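Peer 1: Here's a structure for you.
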Amino acid sequence: MRVVGFGDFQGLKGPVHQERRNLQIAKMKKIFPNFKESDIMSENNCFRAMSPDDMPLIGQLKGHPGVFINTGQGGKGLTNGLGCGDLLAKIISNDMLSPTEEKAKTYCDPIRFGV
Ligand SMILES: Cc1cc2nc3c(=O)[nH]c(=O)nc-3n(C[C@H](O)[C@H](O)[C@H](O)COP(=O)(O)OP(=O)(O)OC[C@H]3O[C@@H](n4cnc5c(N)ncnc54)[C@H](O)[C@@H]3O)c2cc1C
């Protein structure tokens, strides 16, 4: 079982936030009374790459022809991954985009951050 929660602005190398960890453990004990701390196999921080406007960066990098990115998915990358991957594939292949895809391409263009 994987227990996740909380988001902080900190790098991957920072320690696990003890107060937040203890809150999660308290909740686990409430939901699963048989749960013991000795059951915990590992604890770590995870990285959620996100952009200042909470929209992903999908498209070609400025000044780097042929280099395309699909990143900054924040906390929605699993949900949006297939659609974003499909959009990126169409951008790379120069496929015809639907009006909705055209909008998504514009909103997600990395150039909005100058890259
Ligand atoms: C705790 C947590 C819960 C989440 N819950 C949800 C959720 O419920 N729903 C949802 O939609 N999204 C969720 N997300 C977000 C989702 O997991 C991410 O948006 C998604 O995984 C991003 O996919 P990615 O392929 O862009 O990056 P990643 O999944 O981070 O993949 C990047 C890969 O590149 C590898 N890599 C990095 N550097 C190098 C290098 N130099 N050389 C080779 N390989 C390298 C990494 O090891 C990694 O495997 C959650 C994220 C976290 C952290």
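Scheme for the structure tokens: letters A, B, ... for chains in order shown; per-chain residue numbers from 1; ligand numbers from 1 in order shown.
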Please provide as a list in words all residues within 12 Å of Lys103 in chain A, with the sequence filter that same-chain residues fewer than 6 positions apart are discarded (counting only C-alpha atoms).
Peer 2: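 Counting only the stated atoms, we get Leu87, Leu97 and Asp109 of chain A.
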Peer 1: Would you save the residues from that selection as a CSV table (one decimal), in the first residue's frame, using N, CA and C atoms?
Peer 2:
```csv
chain,number,residue,atom,x,y,z
A,87,LEU,N,-1.0,14.7,-28.2
A,87,LEU,CA,-0.8,16.1,-28.8
A,87,LEU,C,0.7,16.3,-29.3
A,97,LEU,N,-4.4,19.5,-36.6
A,97,LEU,CA,-5.0,19.5,-35.3
A,97,LEU,C,-6.4,19.9,-35.3
A,109,ASP,N,2.2,25.8,-25.2
A,109,ASP,CA,3.5,26.1,-25.9
A,109,ASP,C,4.6,26.6,-24.9
```
Peer 1: Can you list, as a ChimeraX atom specification, every protein, DNA or RNA residue that comes within 9 Å of range 76-81 of chain A when you count only C-alpha atoms, leaving out same-chain residues fewer than 4 positions away?
Peer 2: /A:48,56,71-72,85-86
Peer 1: Can those selected residues be exported to a file as a JSON list (two decimals), in the first residue's frame so that it contains C-alpha atoms?
Peer 2:
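Okay, out-v5.json is ready:
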```json
[["chain", "number", "residue", "atom", "x", "y", "z"],
["A", 48, "ARG", "CA", 6.00, 16.98, -9.09],
["A", 56, "PRO", "CA", 2.22, 21.65, -18.95],
["A", 71, "THR", "CA", 6.76, 18.27, -18.94],
["A", 72, "GLY", "CA", 5.42, 20.35, -16.05],
["A", 85, "GLY", "CA", 1.51, 12.46, -25.43],
["A", 86, "ASP", "CA", -0.94, 12.30, -28.33]]
```
Peer 1: Please give me, as a JSON list (two decimals) with N, CA and C atoms, in the first residue's frame, the residues lying within 12 Å of ligand 1 when counting only C-alpha atoms and all ligand atoms.
Peer 2:
```
[["chain", "number", "residue", "atom", "x", "y", "z"],
["A", 2, "ARG", "N", 0.45, 2.24, -0.77],
["A", 2, "ARG", "CA", 1.23, 3.47, -0.85],
["A", 2, "ARG", "C", 0.40, 4.61, -0.25],
["A", 3, "VAL", "N", 1.00, 5.34, 0.65],
["A", 3, "VAL", "CA", 0.30, 6.46, 1.29],
["A", 3, "VAL", "C", 0.96, 7.76, 0.82],
["A", 4, "VAL", "N", 0.19, 8.63, 0.22],
["A", 4, "VAL", "CA", 0.77, 9.90, -0.24],
["A", 4, "VAL", "C", -0.09, 11.07, 0.22],
["A", 5, "GLY", "N", 0.52, 12.23, 0.22],
["A", 5, "GLY", "CA", -0.23, 13.42, 0.57],
["A", 5, "GLY", "C", 0.70, 14.59, 0.76],
["A", 6, "PHE", "N", 0.15, 15.76, 0.78],
["A", 6, "PHE", "CA", 0.86, 17.01, 1.02],
["A", 6, "PHE", "C", 1.80, 17.40, -0.13],
["A", 7, "GLY", "N", 1.93, 18.68, -0.32],
["A", 7, "GLY", "CA", 2.84, 19.19, -1.32],
["A", 7, "GLY", "C", 3.59, 20.38, -0.76],
["A", 8, "ASP", "N", 4.89, 20.38, -0.91],
["A", 8, "ASP", "CA", 5.72, 21.48, -0.42],
["A", 8, "ASP", "C", 6.64, 21.94, -1.53],
["A", 12, "LEU", "N", 14.25, 17.54, -4.04],
["A", 12, "LEU", "CA", 14.16, 16.10, -3.74],
["A", 12, "LEU", "C", 15.04, 15.70, -2.57],
["A", 43, "GLU", "N", 10.18, 5.58, 3.07],
["A", 43, "GLU", "CA", 9.56, 6.91, 3.08],
["A", 43, "GLU", "C", 10.41, 7.81, 2.20],
["A", 44, "ASN", "N", 9.78, 8.59, 1.36],
["A", 44, "ASN", "CA", 10.56, 9.49, 0.53],
["A", 44, "ASN", "C", 9.73, 10.66, 0.03],
["A", 45, "ASN", "N", 10.45, 11.70, -0.42],
["A", 45, "ASN", "CA", 9.80, 12.81, -1.11],
["A", 45, "ASN", "C", 9.71, 12.45, -2.59],
["A", 46, "CYS", "N", 8.65, 12.89, -3.24],
["A", 46, "CYS", "CA", 8.52, 12.69, -4.69],
["A", 46, "CYS", "C", 8.52, 14.06, -5.35],
["A", 47, "PHE", "N", 8.81, 14.06, -6.63],
["A", 47, "PHE", "CA", 8.93, 15.31, -7.38],
["A", 47, "PHE", "C", 7.71, 15.50, -8.27],
["A", 48, "ARG", "N", 7.09, 16.65, -8.17],
["A", 48, "ARG", "CA", 6.00, 16.98, -9.09],
["A", 48, "ARG", "C", 6.43, 18.21, -9.87],
["A", 49, "ALA", "N", 6.99, 17.97, -11.05],
["A", 49, "ALA", "CA", 7.45, 19.10, -11.87],
["A", 49, "ALA", "C", 6.23, 19.91, -12.30],
["A", 50, "MET", "N", 6.19, 21.18, -11.89],
["A", 50, "MET", "CA", 5.03, 21.99, -12.29],
["A", 50, "MET", "C", 5.46, 23.36, -12.79],
["A", 51, "SER", "N", 4.59, 23.96, -13.58],
["A", 51, "SER", "CA", 4.91, 25.25, -14.18],
["A", 51, "SER", "C", 4.24, 26.37, -13.38],
["A", 54, "ASP", "N", 0.59, 26.33, -13.91],
["A", 54, "ASP", "CA", -0.03, 25.02, -13.68],
["A", 54, "ASP", "C", -0.51, 24.36, -14.97],
["A", 55, "MET", "N", 0.06, 24.76, -16.10],
["A", 55, "MET", "CA", -0.23, 24.10, -17.38],
["A", 55, "MET", "C", 1.06, 23.45, -17.85],
["A", 56, "PRO", "N", 0.98, 22.29, -18.50],
["A", 56, "PRO", "CA", 2.22, 21.65, -18.95],
["A", 56, "PRO", "C", 2.91, 22.42, -20.07],
["A", 57, "LEU", "N", 4.16, 22.08, -20.31],
["A", 57, "LEU", "CA", 4.92, 22.63, -21.43],
["A", 57, "LEU", "C", 5.02, 21.53, -22.48],
["A", 58, "ILE", "N", 4.36, 21.74, -23.62],
["A", 58, "ILE", "CA", 4.33, 20.71, -24.67],
["A", 58, "ILE", "C", 4.68, 21.37, -25.99],
["A", 69, "ILE", "N", 9.52, 18.91, -25.89],
["A", 69, "ILE", "CA", 9.33, 18.52, -24.48],
["A", 69, "ILE", "C", 7.85, 18.33, -24.17],
["A", 70, "ASN", "N", 7.61, 17.56, -23.14],
["A", 70, "ASN", "CA", 6.26, 17.36, -22.59],
["A", 70, "ASN", "C", 6.48, 17.20, -21.09],
["A", 71, "THR", "N", 6.43, 18.31, -20.37],
["A", 71, "THR", "CA", 6.76, 18.27, -18.94],
["A", 71, "THR", "C", 5.91, 19.28, -18.17],
["A", 72, "GLY", "N", 6.17, 19.40, -16.88],
["A", 72, "GLY", "CA", 5.42, 20.35, -16.05],
["A", 72, "GLY", "C", 3.99, 19.89, -15.84],
["A", 73, "GLN", "N", 3.79, 18.60, -15.72],
["A", 73, "GLN", "CA", 2.43, 18.05, -15.58],
["A", 73, "GLN", "C", 1.87, 18.24, -14.18],
["A", 74, "GLY", "N", 2.73, 18.66, -13.23],
["A", 74, "GLY", "CA", 2.25, 18.88, -11.87],
["A", 74, "GLY", "C", 1.63, 17.63, -11.29],
["A", 75, "GLY", "N", 0.48, 17.77, -10.67],
["A", 75, "GLY", "CA", -0.20, 16.62, -10.04],
["A", 75, "GLY", "C", -1.21, 15.96, -10.94],
["A", 76, "LYS", "N", -1.11, 16.21, -12.27],
["A", 76, "LYS", "CA", -2.13, 15.65, -13.16],
["A", 76, "LYS", "C", -1.54, 14.84, -14.31],
["A", 77, "GLY", "N", -0.26, 14.52, -14.20],
["A", 77, "GLY", "CA", 0.42, 13.86, -15.33],
["A", 77, "GLY", "C", -0.10, 12.49, -15.66],
["A", 78, "LEU", "N", -0.56, 11.74, -14.67],
["A", 78, "LEU", "CA", -1.09, 10.40, -14.96],
["A", 78, "LEU", "C", -2.41, 10.52, -15.71],
["A", 79, "THR", "N", -3.21, 11.48, -15.30],
["A", 79, "THR", "CA", -4.52, 11.69, -15.92],
["A", 79, "THR", "C", -4.36, 12.26, -17.32],
["A", 80, "ASN", "N", -3.48, 13.24, -17.47],
["A", 80, "ASN", "CA", -3.36, 13.95, -18.75],
["A", 80, "ASN", "C", -2.32, 13.34, -19.69],
["A", 81, "GLY", "N", -1.58, 12.36, -19.19],
["A", 81, "GLY", "CA", -0.44, 11.85, -19.95],
["A", 81, "GLY", "C", -0.76, 11.39, -21.36],
["A", 82, "LEU", "N", -1.84, 10.60, -21.50],
["A", 82, "LEU", "CA", -2.16, 10.05, -22.82],
["A", 82, "LEU", "C", -2.50, 11.17, -23.80],
["A", 83, "GLY", "N", -3.35, 12.10, -23.36],
["A", 83, "GLY", "CA", -3.75, 13.21, -24.23],
["A", 83, "GLY", "C", -2.56, 14.09, -24.58],
["A", 84, "CYS", "N", -1.72, 14.37, -23.59],
["A", 84, "CYS", "CA", -0.56, 15.24, -23.84],
["A", 84, "CYS", "C", 0.43, 14.54, -24.76],
["A", 85, "GLY", "N", 0.62, 13.23, -24.57],
["A", 85, "GLY", "CA", 1.51, 12.46, -25.43],
["A", 85, "GLY", "C", 0.99, 12.45, -26.87]]
```
Peer 1: Could you find all residues in chain A that DSSP calls alpha helix (DSSP H) from the backbone, and write them as JSON, numbers by chain?
Peer 2: {"A": [18, 19, 20, 21, 22, 23, 24, 25, 26, 27, 28, 29, 30, 31, 77, 78, 79, 80, 81, 82, 83, 84, 85, 86, 87, 88, 89, 90, 91, 92, 93, 99, 100, 101, 102, 103, 104, 105, 106, 107, 108]}
Peer 1: Any idea what the distance is between CA of Tyr107 in chain A and CA of Asp53 in chain A?
Peer 2: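 So the two atoms, CA of Tyr107 in chain A and CA of Asp53 in chain A, lie 10.0 Å apart.
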Peer 1: Can you pull out every residue from chain A that DSSP, working from the backbone, puts in strand (DSSP E), and format the result as a list in words?
Peer 2: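 Answer for chain A, restricted to strand (DSSP E): Leu57, Ile58, Gly59, Gln60, Phe68, Ile69, Asn70 and Thr71 of chain A.
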Peer 1: Out of A:Thr106, A:Gly59, A:Val115, A:Phe32, which residue has the shortest atom-to-atom distance to Lys90 in chain A when counting only C-alpha atoms?
Peer 2: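 Under the stated criterion, the closest residue is A:Gly59.
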Peer 1: Could you check how far CA of Pro15 in chain A sits from CA of Lys29 in chain A, in Å to one decimal?
Peer 2: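 Distance between the two atoms: 22.6 Å.
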Peer 1: What is the CA of Glu101 in chain A to CA of Ala89 in chain A distance in Å?
Peer 2: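 Taking CA of Glu101 in chain A as the start and CA of Ala89 in chain A as the end point, the length is 11.8 Å.
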Peer 1: Quick one: of A:Gln60, A:Ile25, A:Ser93, A:Val16, who's nearest to Asp39 in chain A, counting only C-alpha atoms?
Peer 2: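 Checking each of A:Gln60, A:Ile25, A:Ser93, A:Val16 against Asp39 in chain A, counting only C-alpha atoms, the winner is A:Ile25.
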Peer 1: Return the single residue from A:Met41, A:Ile92, A:Lys36, A:Pro52 that is closest to Pro65 in chain A, with distances computed using only C-alpha atoms.
Peer 2: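 Looking at the shortest contact to Pro65 in chain A, the residue is A:Ile92.
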